[in-house]
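Heads up, data.cif below (mmCIF, C-alpha atoms and all ligand atoms):
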data_run
#
loop_
_atom_site.label_atom_id
_atom_site.label_comp_id
_atom_site.auth_asym_id
_atom_site.auth_seq_id
_atom_site.Cartn_x
_atom_site.Cartn_y
_atom_site.Cartn_z
CA MET W 286 -9.65 -8.83 34.20
CA GLU W 287 -6.53 -10.86 33.55
CA PHE W 288 -7.51 -11.08 29.91
CA LYS W 289 -7.69 -7.30 29.71
CA ILE W 290 -4.21 -6.88 31.13
CA ILE W 291 -2.79 -9.33 28.62
CA LYS W 292 -4.56 -7.51 25.82
CA LYS W 293 -3.07 -4.24 27.02
CA ILE W 294 0.48 -5.58 27.05
CA VAL W 295 0.05 -6.95 23.54
CA HIS W 296 -1.34 -3.60 22.47
CA GLU W 297 1.59 -1.65 23.95
CA LYS W 298 3.95 -3.97 22.14
CA SER W 299 2.08 -3.50 18.91
CA ARG W 300 2.54 0.25 19.31
CA GLY W 301 6.31 -0.23 19.31
CA GLY W 302 6.74 0.51 23.04
CA ASN W 303 6.89 4.23 23.73
CA MET W 304 7.36 5.05 20.09
CA ILE W 305 4.63 6.91 18.26
CA TYR W 306 4.42 4.93 15.07
CA MET W 307 3.39 7.06 12.08
CA ASP W 308 4.68 5.02 9.17
CA HIS W 309 1.70 2.82 8.36
CA SER W 310 2.26 3.06 4.61
CA ALA W 311 5.51 1.14 5.14
CA THR W 312 3.90 -1.52 7.30
CA SER W 313 1.45 -1.82 10.18
CA PRO W 314 1.57 -3.65 13.51
CA VAL W 315 -0.24 -6.98 13.68
CA ASP W 316 -3.58 -6.42 15.40
CA PRO W 317 -3.73 -8.39 18.69
CA GLU W 318 -6.92 -10.13 17.50
CA VAL W 319 -5.17 -11.17 14.32
CA PHE W 320 -2.27 -12.59 16.31
CA GLU W 321 -4.66 -14.58 18.52
CA ALA W 322 -6.43 -15.99 15.47
CA MET W 323 -3.14 -17.17 13.97
CA LYS W 324 -1.66 -18.88 17.03
CA PRO W 325 -3.37 -22.31 16.86
CA TYR W 326 -2.19 -22.75 13.28
CA PHE W 327 1.46 -22.79 14.29
CA GLN W 328 1.06 -25.68 16.73
CA GLU W 329 -1.97 -27.94 17.20
CA GLU W 330 -3.43 -27.05 13.79
CA PHE W 331 -0.24 -27.54 11.81
CA GLY W 332 -1.71 -29.78 9.09
CA ASN W 333 -0.94 -29.38 5.40
CA ALA W 334 -4.07 -27.78 3.93
CA SER W 335 -3.76 -29.93 0.81
CA THR W 336 -3.99 -33.29 2.63
CA LEU W 337 -7.11 -35.38 3.11
CA TYR W 338 -7.13 -36.35 6.80
CA LYS W 339 -8.87 -34.23 9.43
CA LEU W 340 -5.88 -32.09 10.41
CA GLY W 341 -5.37 -31.08 6.80
CA ARG W 342 -9.08 -30.56 6.21
CA ASP W 343 -9.24 -28.25 9.25
CA GLY W 344 -6.40 -26.18 7.82
CA LYS W 345 -8.16 -26.14 4.47
CA ARG W 346 -11.40 -24.98 6.10
CA ALA W 347 -9.59 -22.17 7.93
CA MET W 348 -7.96 -21.15 4.67
CA GLU W 349 -11.28 -21.08 2.81
CA ASN W 350 -12.82 -19.03 5.59
CA ALA W 351 -9.96 -16.55 5.20
CA ARG W 352 -10.44 -16.51 1.44
CA ALA W 353 -14.06 -15.48 1.99
CA GLN W 354 -12.96 -12.72 4.39
CA VAL W 355 -10.44 -11.37 1.87
CA ALA W 356 -12.98 -11.59 -0.97
CA SER W 357 -15.57 -9.76 1.10
CA ILE W 358 -13.48 -6.64 1.71
CA ILE W 359 -13.18 -6.08 -2.07
CA GLY W 360 -16.66 -7.27 -3.05
CA ALA W 361 -15.33 -10.35 -4.86
CA GLU W 362 -16.23 -14.05 -4.95
CA PRO W 363 -13.91 -16.26 -2.84
CA LYS W 364 -13.11 -18.41 -5.88
CA ASP W 365 -11.63 -15.35 -7.62
CA ILE W 366 -8.97 -14.89 -4.91
CA ILE W 367 -5.55 -16.57 -4.90
CA PHE W 368 -3.15 -16.28 -1.98
CA THR W 369 0.38 -15.07 -2.71
CA SER W 370 3.40 -14.08 -0.60
CA GLY W 371 2.39 -10.40 -0.68
CA GLY W 372 1.82 -7.34 -2.81
CA THR W 373 5.04 -7.70 -4.80
CA GLU W 374 4.25 -11.26 -5.85
CA SER W 375 0.63 -10.42 -6.68
CA ASP W 376 1.80 -7.61 -8.97
CA ASN W 377 4.33 -9.89 -10.68
CA ILE W 378 1.83 -12.72 -11.20
CA ALA W 379 -0.79 -10.34 -12.60
CA ILE W 380 1.48 -8.39 -14.94
CA LYS W 381 3.81 -11.12 -16.22
CA GLY W 382 0.99 -13.67 -16.21
CA THR W 383 -1.09 -11.44 -18.48
CA VAL W 384 1.56 -10.37 -20.93
CA TYR W 385 3.08 -13.85 -21.30
CA LYS W 386 -0.40 -15.19 -22.00
CA LEU W 387 -1.22 -12.49 -24.55
CA LYS W 388 2.18 -11.89 -26.14
CA ASN W 389 1.02 -13.13 -29.53
CA LYS W 390 -1.79 -10.59 -29.49
CA GLY W 391 0.39 -7.59 -28.69
CA ARG W 392 3.39 -6.42 -26.70
CA HIS W 393 2.39 -3.03 -25.34
CA ILE W 394 1.72 -2.20 -21.68
CA ILE W 395 0.43 1.07 -20.19
CA THR W 396 1.21 2.14 -16.64
CA SER W 397 1.73 5.37 -14.67
CA ASN W 398 5.00 7.04 -13.73
CA ILE W 399 4.36 6.79 -9.98
CA GLU W 400 3.92 3.04 -9.53
CA HIS W 401 5.43 1.10 -6.65
CA PRO W 402 8.68 -0.71 -7.59
CA ALA W 403 6.74 -4.01 -7.60
CA VAL W 404 4.99 -2.74 -10.74
CA HIS W 405 7.57 -0.27 -12.06
CA GLU W 406 10.52 -2.69 -11.96
CA THR W 407 8.39 -5.48 -13.45
CA CYS W 408 7.60 -3.18 -16.36
CA LYS W 409 11.30 -2.26 -16.71
CA TYR W 410 12.18 -5.95 -16.79
CA LEU W 411 9.57 -6.63 -19.45
CA GLU W 412 10.95 -3.78 -21.55
CA LYS W 413 14.26 -5.64 -21.67
CA ASN W 414 12.41 -8.75 -22.76
CA GLY W 415 10.51 -7.74 -25.85
CA PHE W 416 7.65 -5.66 -24.46
CA GLU W 417 7.03 -1.93 -24.80
CA VAL W 418 5.80 0.19 -21.94
CA THR W 419 4.20 3.65 -21.87
CA TYR W 420 4.60 5.42 -18.51
CA VAL W 421 1.75 7.93 -18.45
CA PRO W 422 2.77 10.96 -16.34
CA VAL W 423 0.71 12.25 -13.43
CA GLY W 424 0.06 15.95 -12.92
CA THR W 425 1.67 18.10 -10.22
CA ASP W 426 -1.25 17.01 -8.00
CA GLY W 427 -0.09 13.40 -8.27
CA LEU W 428 -3.21 12.39 -10.19
CA LEU W 429 -3.46 10.57 -13.48
CA LYS W 430 -5.96 11.70 -16.12
CA ALA W 431 -8.02 8.85 -17.53
CA SER W 432 -8.00 10.64 -20.91
CA ASP W 433 -4.18 10.51 -20.94
CA VAL W 434 -4.34 6.76 -20.40
CA GLU W 435 -6.86 6.50 -23.23
CA ALA W 436 -4.59 8.48 -25.53
CA ALA W 437 -1.76 6.02 -24.89
CA ILE W 438 -3.78 3.00 -26.10
CA ARG W 439 -2.48 1.31 -29.27
CA ASP W 440 -3.70 -1.62 -31.35
CA ASP W 441 -1.13 -3.84 -29.64
CA THR W 442 -1.89 -2.77 -26.04
CA ILE W 443 -2.57 -5.88 -23.95
CA LEU W 444 -2.49 -4.59 -20.37
CA ILE W 445 -3.09 -1.41 -18.39
CA THR W 446 -1.78 -1.41 -14.82
CA VAL W 447 -2.36 1.64 -12.61
CA MET W 448 -2.15 1.74 -8.82
CA HIS W 449 -5.24 2.64 -6.80
CA ALA W 450 -3.59 4.75 -4.08
CA ASN W 451 0.02 5.87 -4.04
CA ASN W 452 2.28 4.68 -1.23
CA GLU W 453 4.17 7.97 -0.86
CA ILE W 454 1.74 10.81 -1.45
CA GLY W 455 -1.49 8.85 -0.93
CA THR W 456 -3.20 10.13 -4.08
CA ILE W 457 -6.18 8.08 -5.28
CA GLN W 458 -6.36 7.46 -9.01
CA PRO W 459 -9.56 7.39 -11.13
CA ILE W 460 -9.49 3.60 -11.35
CA ALA W 461 -13.15 3.04 -12.27
CA GLU W 462 -12.83 5.48 -15.18
CA ILE W 463 -9.57 3.93 -16.43
CA GLY W 464 -11.10 0.45 -16.09
CA LYS W 465 -14.06 1.47 -18.21
CA ILE W 466 -11.74 2.79 -20.92
CA ALA W 467 -9.65 -0.40 -20.80
CA HIS W 468 -12.72 -2.57 -21.29
CA GLU W 469 -14.15 -0.43 -24.08
CA ASN W 470 -10.89 -1.16 -25.85
CA GLY W 471 -10.80 -4.87 -24.97
CA ILE W 472 -7.71 -4.48 -22.77
CA LEU W 473 -7.14 -6.21 -19.41
CA PHE W 474 -6.82 -3.91 -16.41
CA HIS W 475 -4.84 -4.52 -13.21
CA THR W 476 -4.61 -2.28 -10.16
CA ASP W 477 -2.20 -2.42 -7.23
CA ALA W 478 -4.59 -1.71 -4.35
CA VAL W 479 -2.12 -2.52 -1.58
CA GLN W 480 -2.44 0.94 -0.03
CA SER W 481 -6.17 1.37 -0.45
CA VAL W 482 -7.75 -1.91 0.70
CA GLY W 483 -8.86 -1.53 4.29
CA LYS W 484 -8.47 2.28 4.16
CA ILE W 485 -11.13 3.32 1.67
CA PRO W 486 -14.00 1.36 0.07
CA VAL W 487 -12.70 -0.96 -2.64
CA ASP W 488 -15.10 -2.92 -4.83
CA VAL W 489 -13.72 -4.86 -7.78
CA ASN W 490 -16.94 -4.51 -9.76
CA ALA W 491 -17.39 -0.79 -9.16
CA LEU W 492 -13.71 -0.24 -10.03
CA ASN W 493 -13.96 -2.19 -13.33
CA VAL W 494 -10.79 -4.18 -12.63
CA ASP W 495 -9.77 -7.60 -13.95
CA MET W 496 -6.99 -8.07 -11.40
CA LEU W 497 -6.28 -6.42 -8.07
CA SER W 498 -3.32 -6.85 -5.68
CA ILE W 499 -3.58 -6.78 -1.87
CA SER W 500 -0.98 -7.15 0.89
CA SER W 501 -1.74 -8.25 4.44
CA HIS W 502 0.93 -6.31 6.34
CA LYS W 503 -0.40 -2.93 5.23
CA LEU W 504 -3.74 -3.65 6.93
CA TYR W 505 -2.65 -4.98 10.37
CA GLY W 506 -2.08 -8.54 9.23
CA PRO W 507 1.17 -10.52 9.17
CA LYS W 508 3.94 -9.92 6.63
CA GLY W 509 4.67 -12.27 3.76
CA ILE W 510 1.08 -12.93 2.70
CA GLY W 511 -1.15 -11.25 0.18
CA ALA W 512 -3.73 -11.96 -2.46
CA LEU W 513 -4.50 -11.42 -6.10
CA TYR W 514 -8.08 -11.05 -7.29
CA ILE W 515 -8.54 -12.46 -10.78
CA LYS W 516 -11.90 -11.86 -12.42
CA LYS W 517 -13.79 -14.93 -13.62
CA GLY W 518 -12.72 -15.84 -17.14
CA VAL W 519 -9.35 -14.02 -17.04
CA ARG W 520 -6.55 -16.45 -17.89
CA LEU W 521 -2.97 -15.97 -16.74
CA GLU W 522 0.22 -17.78 -17.67
CA PRO W 523 1.81 -19.17 -14.48
CA ILE W 524 5.17 -17.60 -13.64
CA ILE W 525 5.94 -20.03 -10.78
CA HIS W 526 5.71 -23.76 -11.38
CA GLY W 527 5.08 -26.54 -8.90
CA GLY W 528 2.35 -28.53 -7.23
CA GLY W 529 -0.73 -26.78 -8.58
CA HIS W 530 -1.89 -24.92 -5.45
CA GLU W 531 -3.90 -21.73 -5.86
CA ARG W 532 -5.16 -22.70 -9.31
CA GLY W 533 -1.61 -23.43 -10.43
CA LEU W 534 -0.72 -19.74 -10.26
CA ARG W 535 0.98 -19.79 -6.88
CA PRO W 536 2.09 -23.35 -6.15
CA GLY W 537 3.74 -24.18 -2.84
CA THR W 538 2.39 -25.43 0.51
CA GLU W 539 -0.04 -22.84 1.81
CA ASN W 540 1.08 -20.59 4.70
CA VAL W 541 -2.02 -21.35 6.76
CA PRO W 542 -1.21 -19.27 9.89
CA ALA W 543 -0.49 -16.21 7.76
CA ILE W 544 -3.56 -16.80 5.60
CA VAL W 545 -5.76 -17.06 8.70
CA GLY W 546 -4.25 -13.83 10.09
CA PHE W 547 -4.70 -12.04 6.78
CA GLY W 548 -8.37 -13.10 6.65
CA LYS W 549 -8.96 -11.88 10.19
CA ALA W 550 -7.24 -8.58 9.40
CA CYS W 551 -9.55 -8.08 6.40
CA GLN W 552 -12.61 -8.86 8.51
CA LEU W 553 -11.59 -6.31 11.16
CA ALA W 554 -10.70 -3.68 8.57
CA GLU W 555 -14.03 -4.15 6.79
CA GLU W 556 -16.02 -3.90 10.02
CA ASN W 557 -14.29 -0.68 11.05
CA LEU W 558 -13.74 0.92 7.67
CA ASP W 559 -16.20 3.83 7.73
CA GLU W 560 -15.55 4.84 11.30
CA GLU W 561 -11.79 4.47 11.10
CA SER W 562 -11.41 6.27 7.80
CA ALA W 563 -13.47 9.20 9.13
CA ARG W 564 -11.36 9.28 12.30
CA LEU W 565 -8.07 9.20 10.39
CA THR W 566 -9.24 11.85 7.94
CA ARG W 567 -10.04 14.14 10.85
CA LEU W 568 -6.68 13.54 12.56
CA ARG W 569 -4.79 13.92 9.30
CA ASP W 570 -6.57 17.18 8.47
CA LYS W 571 -5.75 18.54 11.90
CA LEU W 572 -2.09 17.64 11.36
CA VAL W 573 -1.93 19.11 7.86
CA ASP W 574 -3.68 22.36 8.83
CA ALA W 575 -1.41 22.89 11.84
CA VAL W 576 1.84 22.02 10.08
CA LEU W 577 1.11 24.27 7.10
CA GLU W 578 0.02 27.09 9.36
CA GLN W 579 2.81 26.91 11.94
CA ASN W 580 5.78 26.43 9.62
CA GLU W 581 7.00 28.88 7.03
CA GLU W 582 7.43 27.50 3.51
CA ALA W 583 5.85 24.17 4.34
CA TYR W 584 3.89 22.44 1.58
CA LEU W 585 1.72 19.38 1.15
CA ASN W 586 2.76 17.02 -1.66
CA GLY W 587 -0.11 15.50 -3.63
CA ASP W 588 -3.74 16.49 -4.01
CA ARG W 589 -5.33 17.72 -0.79
CA GLU W 590 -8.67 15.93 -1.26
CA LYS W 591 -8.13 12.83 -3.40
CA ARG W 592 -5.77 11.11 -0.98
CA LEU W 593 -5.78 8.30 1.59
CA PRO W 594 -7.30 9.21 4.97
CA GLY W 595 -4.10 8.69 6.98
CA ASN W 596 -1.59 10.15 4.53
CA ALA W 597 0.24 13.47 4.84
CA ASN W 598 3.37 14.15 2.79
CA PHE W 599 5.10 17.47 3.48
CA ARG W 600 8.08 19.34 2.20
CA PHE W 601 9.91 22.15 3.97
CA THR W 602 12.17 24.50 2.04
CA GLY W 603 15.80 24.23 3.11
CA ILE W 604 15.48 20.99 5.04
CA GLU W 605 16.75 17.50 4.30
CA GLY W 606 14.18 14.73 4.73
CA GLU W 607 16.71 12.39 6.35
CA SER W 608 17.62 14.92 9.07
CA LEU W 609 13.93 15.47 9.75
CA ILE W 610 13.33 11.75 10.19
CA LEU W 611 16.30 11.31 12.53
CA HIS W 612 15.34 14.29 14.69
CA LEU W 613 11.73 13.13 14.87
CA ASP W 614 13.04 9.70 15.86
CA PHE W 615 14.81 11.35 18.85
CA LYS W 616 11.42 12.75 19.80
CA GLY W 617 9.87 9.31 19.66
CA ILE W 618 8.12 9.60 16.30
CA ALA W 619 8.63 7.05 13.55
CA ALA W 620 7.96 8.59 10.13
CA SER W 621 9.72 8.37 6.79
CA THR W 622 10.86 10.27 3.75
CA GLY W 623 9.58 9.02 0.39
CA SER W 624 8.93 5.31 0.65
CA ALA W 625 10.37 2.56 2.83
CA CYS W 626 11.67 0.84 -0.25
CA SER W 627 13.82 3.76 -1.36
CA SER W 628 14.98 5.00 2.05
CA THR W 629 18.34 3.27 1.82
CA LYS W 630 19.02 4.73 -1.63
CA LEU W 631 20.29 8.24 -2.09
CA GLU W 632 18.35 8.99 -5.23
CA PRO W 633 15.38 11.32 -4.82
CA SER W 634 11.94 9.75 -4.77
CA GLN W 635 10.69 9.01 -8.30
CA VAL W 636 7.17 9.86 -7.18
CA LEU W 637 8.15 13.32 -5.94
CA MET W 638 10.14 13.96 -9.12
CA ALA W 639 7.07 12.83 -11.11
CA ILE W 640 4.93 15.53 -9.51
CA GLY W 641 7.42 18.10 -10.73
CA LEU W 642 9.57 18.76 -7.66
CA GLU W 643 13.21 19.77 -7.96
CA GLU W 644 15.69 17.20 -6.65
CA VAL W 645 16.44 19.31 -3.57
CA GLU W 646 12.72 19.64 -2.82
CA ALA W 647 12.18 15.92 -3.27
CA HIS W 648 14.92 15.30 -0.68
CA GLY W 649 13.15 17.54 1.80
CA SER W 650 9.98 15.54 2.19
CA LEU W 651 8.35 13.93 5.19
CA ARG W 652 5.71 11.22 4.92
CA ILE W 653 3.43 10.73 7.89
CA SER W 654 1.02 7.85 7.56
CA LEU W 655 -1.41 7.48 10.42
CA GLY W 656 -3.08 4.30 11.58
CA ARG W 657 -5.25 2.50 14.04
CA GLU W 658 -3.22 3.07 17.22
CA ASN W 659 -2.66 6.81 16.65
CA THR W 660 -4.54 9.09 19.01
CA GLU W 661 -5.36 12.79 19.18
CA GLU W 662 -2.45 13.20 21.64
CA ASP W 663 -0.10 11.59 19.14
CA ILE W 664 -1.15 14.19 16.58
CA ASP W 665 -0.58 17.04 19.06
CA HIS W 666 2.85 15.65 19.86
CA ALA W 667 3.67 15.35 16.16
CA ILE W 668 2.59 18.93 15.45
CA THR W 669 4.80 20.33 18.23
CA SER W 670 7.72 18.07 17.37
CA ILE W 671 7.67 18.91 13.67
CA LYS W 672 7.68 22.63 14.47
CA GLU W 673 10.63 22.23 16.89
CA VAL W 674 12.62 20.08 14.49
CA VAL W 675 11.95 22.33 11.50
CA ASP W 676 13.06 25.40 13.49
CA THR W 677 16.20 23.66 14.77
CA LEU W 678 17.22 22.36 11.37
CA ARG W 679 16.63 25.69 9.68
CA LYS W 680 18.89 27.42 12.19
CA MET W 681 21.63 25.04 11.07
CA SER W 682 20.79 25.08 7.39
CA PRO W 683 22.99 27.12 5.04
CA LEU W 684 20.24 26.79 2.44
CA TRP W 685 17.73 28.45 4.72
CA CYS W 686 20.03 31.03 6.43
CA SER W 687 21.23 32.47 3.15
CA LYS W 688 17.61 33.01 2.10
CA GLY W 689 17.02 36.74 1.96
CA GLU W 690 19.37 37.52 4.82
C1 LIG W 701 3.93 -2.23 0.17
C2 LIG W 701 3.48 -2.14 -1.24
C3 LIG W 701 3.70 -3.21 -2.13
C4 LIG W 701 4.49 -4.43 -1.76
O1 LIG W 701 3.78 -5.29 -0.91
P1 LIG W 701 4.58 -6.42 -0.13
O2 LIG W 701 3.52 -7.24 0.52
O3 LIG W 701 5.46 -5.72 0.84
O4 LIG W 701 5.35 -7.19 -1.15
C5 LIG W 701 3.20 -3.08 -3.41
N1 LIG W 701 2.54 -1.99 -3.80
C6 LIG W 701 2.30 -0.97 -2.98
C7 LIG W 701 1.53 0.22 -3.45
C8 LIG W 701 2.77 -1.00 -1.66
O5 LIG W 701 2.55 0.03 -0.86
#
As structure tokens, what does this structure read like?
Amino acid sequence: MEFKIIKKIVHEKSRGGNMIYMDHSATSPVDPEVFEAMKPYFQEEFGNASTLYKLGRDGKRAMENARAQVASIIGAEPKDIIFTSGGTESDNIAIKGTVYKLKNKGRHIITSNIEHPAVHETCKYLEKNGFEVTYVPVGTDGLLKASDVEAAIRDDTILITVMHANNEIGTIQPIAEIGKIAHENGILFHTDAVQSVGKIPVDVNALNVDMLSISSHKLYGPKGIGALYIKKGVRLEPIIHGGGHERGLRPGTENVPAIVGFGKACQLAEENLDEESARLTRLRDKLVDAVLEQNEEAYLNGDREKRLPGNANFRFTGIEGESLILHLDFKGIAASTGSACSSTKLEPSQVLMAIGLEEVEAHGSLRISLGRENTEEDIDHAITSIKEVVDTLRKMSPLWCSKGE
């Protein structure tokens, strides 16, 4: 009984109090079970996992258990997983590690034009340092064509990196097909699967990937921890140097509490994947249908079908995304415009520009990303609130009022 009450308080907290949290693509609350699993490793089990006495060995064992849990959710072998500080670091280690290793073979990289900054900015940096990058454009549906990637291949192409699911519009790319093409051409293939792992089935073998990035905090684990899958036989040049941990690719004393939490989060996500993705798809579809039906000139950004279960990204003619977010915040709903990473910048979202929107349209977008704590009532509240806010803002909008009046 007492246990239940404690659980409930933790759960309320992890919902952000009375807030309805609908920004799971930015980050997710730590699952109460994950938090419980981590706790001992801050205090009694504080040992350095690279030491030989019992305390260290216990930490090491917990870490290896977590490695198996992370490997399992992507169908990999535990020995092919290295722990990193998160998605950004995994992307950097994979991309720079590959091209530095292979720079004498070629200097050309292929990527898409809707990558997360962790990939996009890494490519930009490499362009300033002797590498060439082709940014293959997506269509207006936010999807990449595998044949376009194939057409971009050159004799000196050494790496293809394409994200699995997009963080803003949720579109899911044809990774298995691109991976097949990469391998037919003897090119290494990396995917940033930060948004997809734990949301849709991800299997490194089925997807034909050589490297795959994951982040813990997008799947109800703690922040500041992630993993990179590196297929057996793939060799990377280290970009961080130190004590040789994580096969020399990510040296530094292991963050055991975070690793344990990340492992637990993967285990829970894997156990609940089918059920939860079906539930979120249903809630998301209800939201999308209602919003498009109830609001004039409301549109969904990105392909309707090939997208993450919890993702809806709307645009409303004549409305500024920022005003929408602030008004929804007053109504107790946390959502976002483009991506969390660009919300403090004034430039329009690169992803929305890439799918062919005008700058003013790109500024008018609303990303709702649903997650584990969201209920049917939350969806009903969101539908009503969006309608109210859209109506209010349009009454005040010169852009909208001047339309045909
Ligand atoms: C969040 C995110 C990242 C960055 O992960 P961190 O763990 O926050 O560094 C990378 N790629 C994608 C697609 C993301 O959504």
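Pairwise distance (atom CA of W:Val384, atom CA of W:Val355) equals 25.8 Å.
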Cut-off 9 Å, only C-alpha atoms and all ligand atoms, neighbours of ligand LIG 701 (chain W) as a ChimeraX atom specification: /W:310-312,370-376,400-404,448-453,477-481,498-503,508-511,624-626
At a cut-off of 10 Å, using all atoms listed in the file, what residues contact W:Ala356? Leave out same-chain residues fewer than 3 positions from it and give the result as a PDB file with C-alpha atoms, in the frame of the given file.
ATOM      1  CA  ASN W 350     -12.820 -19.030   5.590  1.00  0.00           C
ATOM      2  CA  ALA W 351      -9.960 -16.550   5.200  1.00  0.00           C
ATOM      3  CA  ARG W 352     -10.440 -16.510   1.440  1.00  0.00           C
ATOM      4  CA  ALA W 353     -14.060 -15.480   1.990  1.00  0.00           C
ATOM      5  CA  ILE W 359     -13.180  -6.080  -2.070  1.00  0.00           C
ATOM      6  CA  GLY W 360     -16.660  -7.270  -3.050  1.00  0.00           C
ATOM      7  CA  ALA W 361     -15.330 -10.350  -4.860  1.00  0.00           C
ATOM      8  CA  GLU W 362     -16.230 -14.050  -4.950  1.00  0.00           C
ATOM      9  CA  PRO W 363     -13.910 -16.260  -2.840  1.00  0.00           C
ATOM     10  CA  LYS W 364     -13.110 -18.410  -5.880  1.00  0.00           C
ATOM     11  CA  ASP W 365     -11.630 -15.350  -7.620  1.00  0.00           C
ATOM     12  CA  ILE W 366      -8.970 -14.890  -4.910  1.00  0.00           C
ATOM     13  CA  ILE W 367      -5.550 -16.570  -4.900  1.00  0.00           C
ATOM     14  CA  ASP W 488     -15.100  -2.920  -4.830  1.00  0.00           C
ATOM     15  CA  VAL W 489     -13.720  -4.860  -7.780  1.00  0.00           C
ATOM     16  CA  ALA W 512      -3.730 -11.960  -2.460  1.00  0.00           C
ATOM     17  CA  LEU W 513      -4.500 -11.420  -6.100  1.00  0.00           C
ATOM     18  CA  TYR W 514      -8.080 -11.050  -7.290  1.00  0.00           C
ATOM     19  CA  GLY W 548      -8.370 -13.100   6.650  1.00  0.00           C
ATOM     20  CA  CYS W 551      -9.550  -8.080   6.400  1.00  0.00           C
ATOM     21  CA  GLN W 552     -12.610  -8.860   8.510  1.00  0.00           C
TER      22      GLN W 552
END
May I ask for the distance between atom CA of W:Met638 and atom CA of W:Leu655, given in Å to one decimal place?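 About the pair atom CA of W:Met638 and atom CA of W:Leu655: they are 23.6 Å apart.
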Compare W:Leu337, W:Ala436, W:Met496, W:Ile525 by their minimum atom-to-atom distance to W:Gly537, counting all atoms listed in the file, and give me the closest one.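 Among the listed residues, W:Ile525 lies closest to W:Gly537.
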Would you give me, as JSON lines, each residue of stretch 588-609 of chain W having an atom within 12 Å of an atom of stretch 579-584 of chain W, along with its shortest atom pair and that distance in Å to one decimal, using only C-alpha atoms and sorting by chain and residue number?
{"residue": "W:Asp588", "atom": "CA", "partner": "W:Tyr584", "partner_atom": "CA", "distance": 11.2}
{"residue": "W:Arg589", "atom": "CA", "partner": "W:Tyr584", "partner_atom": "CA", "distance": 10.6}
{"residue": "W:Ala597", "atom": "CA", "partner": "W:Tyr584", "partner_atom": "CA", "distance": 10.2}
{"residue": "W:Asn598", "atom": "CA", "partner": "W:Tyr584", "partner_atom": "CA", "distance": 8.4}
{"residue": "W:Phe599", "atom": "CA", "partner": "W:Tyr584", "partner_atom": "CA", "distance": 5.5}
{"residue": "W:Arg600", "atom": "CA", "partner": "W:Tyr584", "partner_atom": "CA", "distance": 5.2}
{"residue": "W:Phe601", "atom": "CA", "partner": "W:Ala583", "partner_atom": "CA", "distance": 4.5}
{"residue": "W:Thr602", "atom": "CA", "partner": "W:Glu582", "partner_atom": "CA", "distance": 5.8}
{"residue": "W:Gly603", "atom": "CA", "partner": "W:Glu582", "partner_atom": "CA", "distance": 9.0}
{"residue": "W:Ile604", "atom": "CA", "partner": "W:Ala583", "partner_atom": "CA", "distance": 10.2}
Would you save the residues from that selection as a PDB file, in the coordinates of the input, using C-alpha atoms?
ATOM      1  CA  ASP W 588      -3.740  16.490  -4.010  1.00  0.00           C
ATOM      2  CA  ARG W 589      -5.330  17.720  -0.790  1.00  0.00           C
ATOM      3  CA  ALA W 597       0.240  13.470   4.840  1.00  0.00           C
ATOM      4  CA  ASN W 598       3.370  14.150   2.790  1.00  0.00           C
ATOM      5  CA  PHE W 599       5.100  17.470   3.480  1.00  0.00           C
ATOM      6  CA  ARG W 600       8.080  19.340   2.200  1.00  0.00           C
ATOM      7  CA  PHE W 601       9.910  22.150   3.970  1.00  0.00           C
ATOM      8  CA  THR W 602      12.170  24.500   2.040  1.00  0.00           C
ATOM      9  CA  GLY W 603      15.800  24.230   3.110  1.00  0.00           C
ATOM     10  CA  ILE W 604      15.480  20.990   5.040  1.00  0.00           C
TER      11      ILE W 604
END
One-decimal distance in Å that lies between atom CA of W:Val423 and atom CA of W:Leu642: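 These two atoms are separated by 12.4 Å.
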Counting only C-alpha atoms, what is within 12 Å of W:Leu473, bar same-chain residues fewer than 5 positions away, as JSON, numbers by chain? {"W": [379, 380, 382, 383, 384, 386, 387, 393, 394, 395, 438, 442, 443, 444, 445, 446, 447, 463, 464, 465, 466, 467, 468, 493, 494, 495, 496, 497, 515, 516, 518, 519, 520, 521]}
Grab the residues selected above and save them as a tab-separated table (two decimals), in the coordinates of the input with C-alpha atoms.
chain	number	residue	atom	x	y	z
W	379	ALA	CA	-0.79	-10.34	-12.60
W	380	ILE	CA	1.48	-8.39	-14.94
W	382	GLY	CA	0.99	-13.67	-16.21
W	383	THR	CA	-1.09	-11.44	-18.48
W	384	VAL	CA	1.56	-10.37	-20.93
W	386	LYS	CA	-0.40	-15.19	-22.00
W	387	LEU	CA	-1.22	-12.49	-24.55
W	393	HIS	CA	2.39	-3.03	-25.34
W	394	ILE	CA	1.72	-2.20	-21.68
W	395	ILE	CA	0.43	1.07	-20.19
W	438	ILE	CA	-3.78	3.00	-26.10
W	442	THR	CA	-1.89	-2.77	-26.04
W	443	ILE	CA	-2.57	-5.88	-23.95
W	444	LEU	CA	-2.49	-4.59	-20.37
W	445	ILE	CA	-3.09	-1.41	-18.39
W	446	THR	CA	-1.78	-1.41	-14.82
W	447	VAL	CA	-2.36	1.64	-12.61
W	463	ILE	CA	-9.57	3.93	-16.43
W	464	GLY	CA	-11.10	0.45	-16.09
W	465	LYS	CA	-14.06	1.47	-18.21
W	466	ILE	CA	-11.74	2.79	-20.92
W	467	ALA	CA	-9.65	-0.40	-20.80
W	468	HIS	CA	-12.72	-2.57	-21.29
W	493	ASN	CA	-13.96	-2.19	-13.33
W	494	VAL	CA	-10.79	-4.18	-12.63
W	495	ASP	CA	-9.77	-7.60	-13.95
W	496	MET	CA	-6.99	-8.07	-11.40
W	497	LEU	CA	-6.28	-6.42	-8.07
W	515	ILE	CA	-8.54	-12.46	-10.78
W	516	LYS	CA	-11.90	-11.86	-12.42
W	518	GLY	CA	-12.72	-15.84	-17.14
W	519	VAL	CA	-9.35	-14.02	-17.04
W	520	ARG	CA	-6.55	-16.45	-17.89
W	521	LEU	CA	-2.97	-15.97	-16.74
